[in-house]
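Enquirer: Sharing a structure with you now.
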Amino acid sequence: MSLYSKAKSIEVLHIDNHSIVVNKRPSDIVQGDKTGDEPLSDKVKEYIRNEFNKPGNVFCGVVHRLDRPTSGALVFARTSKGLSRLNEQFRNHSTQKIYWAVVENMPTKKSGRLDNFLKKNEKQNKSYVCEKSMSGAKQAILNYTWIASSDKYHLLLVKLETGRHHQIRCQLSHIGCAIKGDVKYGARRSNKDGSIHLHARALEYNHPTTKERIRVIAPTPDESLWNYFEQQQDAM
């Protein structure tokens, strides 16, 4: 079955009066694009409409995005107030996003901080590490830690300090650690379903009105390698 022809159901991880967090599958696009495929934002609207018996238009504000082949925790705003306040949190970096990345090669150091300048090539929809002085260059910073290994692959925990286009994919590739399935950034082969092994594992943010800290953990896709690493974590 093609990656992009799966069922339309969504997995809700958290919902309150101002926000909803779902577990994005690699098949989902966050907003509509040239493919014409139904975006996740529309699926969330439909879920809210059915769950709460809401007639007419349903508000669903896009706060941030994940690349189509990436999975994991994604928050949408249920109100305009929620959207503006969540947007502000993402702008001032008061949220925390933690990713799991399965890479083909073990990094030379088990943990580290990557600080590069990236430039996006619009035609290729790809980012490259470049010199700071290059026009359009943007600083990209992340921190990674090795968690576990299988016989062929290695699981890294990644924390972002910035949010640049394809940042994790580009920066890990730059140190020789291409993400499994990510042929655009140097992986040996693609995954059969079109996904890449990059998963937004955890998301933290403040409730838009009560300021309560909300932390959501997103289960990984039901796939053999992800399942192996989930089991490794459970055993620790």
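By order of appearance in the structure tokens: chains A, B, ..., then residues from 1 within every chain, and ligands from 1 in the order shown.
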If you run DSSP over the backbone, which residues in segment 42-173 of chain A end up alpha helix (DSSP H)? Put them as JSON, numbers by chain.

Expert: {"A": [42, 43, 44, 45, 46, 47, 48, 49, 50, 51, 80, 81, 82, 83, 84, 85, 86, 87, 88, 89, 90, 91, 167, 168, 169, 170, 171, 172, 173]}

Enquirer: How would the residues just picked look written out with C-alpha atoms as a compact mmCIF listing (two decimals), in the first residue's frame?

Expert:
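Produced file result-v1.txt, reproduced below:
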```
# COMPACT_ATOMS: atom_id res chain seq x y z
CA ASP A 42 -8.80 19.34 7.68
CA LYS A 43 -8.81 15.94 9.39
CA VAL A 44 -8.46 17.66 12.76
CA LYS A 45 -11.39 19.95 11.93
CA GLU A 46 -13.49 16.94 11.04
CA TYR A 47 -12.53 15.20 14.28
CA ILE A 48 -13.52 18.24 16.37
CA ARG A 49 -16.76 18.64 14.44
CA ASN A 50 -17.75 15.02 15.09
CA GLU A 51 -16.39 14.74 18.63
CA SER A 80 -7.82 32.42 17.57
CA LYS A 81 -6.58 33.33 21.06
CA GLY A 82 -4.91 29.95 21.32
CA LEU A 83 -3.27 30.44 17.92
CA SER A 84 -1.77 33.84 18.72
CA ARG A 85 -0.45 32.70 22.11
CA LEU A 86 0.96 29.42 20.81
CA ASN A 87 2.59 31.27 17.91
CA GLU A 88 4.26 33.58 20.42
CA GLN A 89 5.58 30.61 22.41
CA PHE A 90 7.13 29.08 19.31
CA ARG A 91 8.66 32.44 18.34
CA GLN A 167 17.41 21.40 10.05
CA ILE A 168 17.79 18.00 11.73
CA ARG A 169 18.01 16.17 8.43
CA CYS A 170 20.63 18.54 7.04
CA GLN A 171 22.80 18.91 10.15
CA LEU A 172 22.93 15.18 10.95
CA SER A 173 23.76 14.41 7.33
```

Enquirer: How many Å lie between atom CA of Pro208 of chain A and atom CA of Leu13 of chain A, rounded to one decimal?

Expert: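 We find that atom CA of Pro208 of chain A and atom CA of Leu13 of chain A lie 17.1 Å from each other.
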
Enquirer: Could you check which of A:Tyr144, A:Gly136, A:Ser149, A:Leu40 is closest to Glu122 of chain A, using only C-alpha atoms?

Expert: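 Among the listed residues, A:Gly136 lies closest to Glu122 of chain A.
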
Enquirer: Could you make a table, as a Markdown table, of the residues of segment 22-111 of chain A that have an atom within 8 Å of an atom of segment 220-230 of chain A, each with its nearest atom pair and distance in Å to one decimal, counting only C-alpha atoms, in chain and number order?

Expert:
```
| residue | atom | partner | partner_atom | distance |
| --- | --- | --- | --- | --- |
| A:Arg25 | CA | A:Pro221 | CA | 7.3 |
| A:Ser71 | CA | A:Pro221 | CA | 7.5 |
| A:Gly72 | CA | A:Thr220 | CA | 7.1 |
```

Enquirer: Deliver the residues from the most recent selection as a file, using C-alpha atoms, as a PDB file, in the first residue's frame.

Expert:
```pdb
ATOM      1  CA  ARG A  25       1.824   9.914  10.547  1.00  0.00           C
ATOM      2  CA  SER A  71       5.997  11.606  12.200  1.00  0.00           C
ATOM      3  CA  GLY A  72       5.153  12.702  15.722  1.00  0.00           C
TER       4      GLY A  72
END
```

Enquirer: Segment 29-31 of chain A: which residues within 7 Å, counting only C-alpha atoms, same-chain residues fewer than 6 positions away excluded, as a list in words?

Expert: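 Everything that qualifies: Pro39, Leu40, Ser41, Arg65 and Arg68 of chain A.
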
Enquirer: Using only C-alpha atoms, I'd like a table of the residues in segment 175-232 of chain A that come within 12 Å of segment 160-163 of chain A; for each, show the closest atom pair and its distance in Å rounded to one decimal, ordered by chain and ascending number, as a Markdown table.

Expert:
```
| residue | atom | partner | partner_atom | distance |
| --- | --- | --- | --- | --- |
| A:Ala200 | CA | A:Leu160 | CA | 10.9 |
| A:Ala202 | CA | A:Leu160 | CA | 11.7 |
| A:Leu203 | CA | A:Leu160 | CA | 11.4 |
```

Enquirer: As an exercise, work out the distance from atom CA of Lys211 of chain A to atom CA of His165 of chain A in Å and give it to one decimal place.

Expert: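 Atom CA of His165 of chain A lies at a distance of 28.7 Å from atom CA of Lys211 of chain A.
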
Enquirer: Grab the atom CA of Cys130 of chain A to atom CA of Asn143 of chain A distance for me, in Å with one decimal place.

Expert: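 A separation of 19.0 Å between them.
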
Enquirer: Counting only C-alpha atoms, which of A:Pro26, A:Pro219, A:Gly176, A:Gly194 gets nearest to Glu104 of chain A?

Expert: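 The shortest atom-to-atom distance to Glu104 of chain A comes from A:Gly176.
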
Enquirer: Point out the residue among A:Gln233, A:Asn206, A:Ser150, A:Ser127 with the least atom-to-atom distance to Tyr185 of chain A, counting only C-alpha atoms.

Expert: A:Ser127

Enquirer: Would you return as a PyMOL selection string the members of segment 96-193 of chain A that DSSP assigns to strand (DSSP E) on this structure's backbone?

Expert: chain A and resi 96-103+111-121+126-130+138-149+154-160

Enquirer: Any idea what's packed within 6 Å of Pro69 of chain A, counting only C-alpha atoms, ignoring anything in its chain fewer than 2 positions away? Could you give it as a PyMOL selection string?

Expert: chain A and resi 26+67+195-196

Enquirer: Let me see the file: selected residues, N, CA and C atoms, as a PDB file, in the first residue's frame.

Expert:
```pdb
ATOM      1  N   PRO A  26       3.641   9.616   8.915  1.00  0.00           N
ATOM      2  CA  PRO A  26       4.442  10.050   7.776  1.00  0.00           C
ATOM      3  C   PRO A  26       3.619  10.311   6.508  1.00  0.00           C
ATOM      4  N   ASP A  67       7.818  17.950   8.404  1.00  0.00           N
ATOM      5  CA  ASP A  67       7.951  17.498   7.017  1.00  0.00           C
ATOM      6  C   ASP A  67       7.049  16.291   6.778  1.00  0.00           C
ATOM      7  N   SER A 195       8.515   6.952   4.127  1.00  0.00           N
ATOM      8  CA  SER A 195       8.788   7.689   5.364  1.00  0.00           C
ATOM      9  C   SER A 195      10.291   7.868   5.551  1.00  0.00           C
ATOM     10  N   ILE A 196      10.660   8.677   6.541  1.00  0.00           N
ATOM     11  CA  ILE A 196      12.021   8.684   7.048  1.00  0.00           C
ATOM     12  C   ILE A 196      11.935   8.435   8.555  1.00  0.00           C
TER      13      ILE A 196
END
```

Enquirer: For Val102 of chain A, which of A:Ser27, A:Ser19, A:Thr145, A:Ser135 is the closest residue, counting only C-alpha atoms?

Expert: A:Thr145
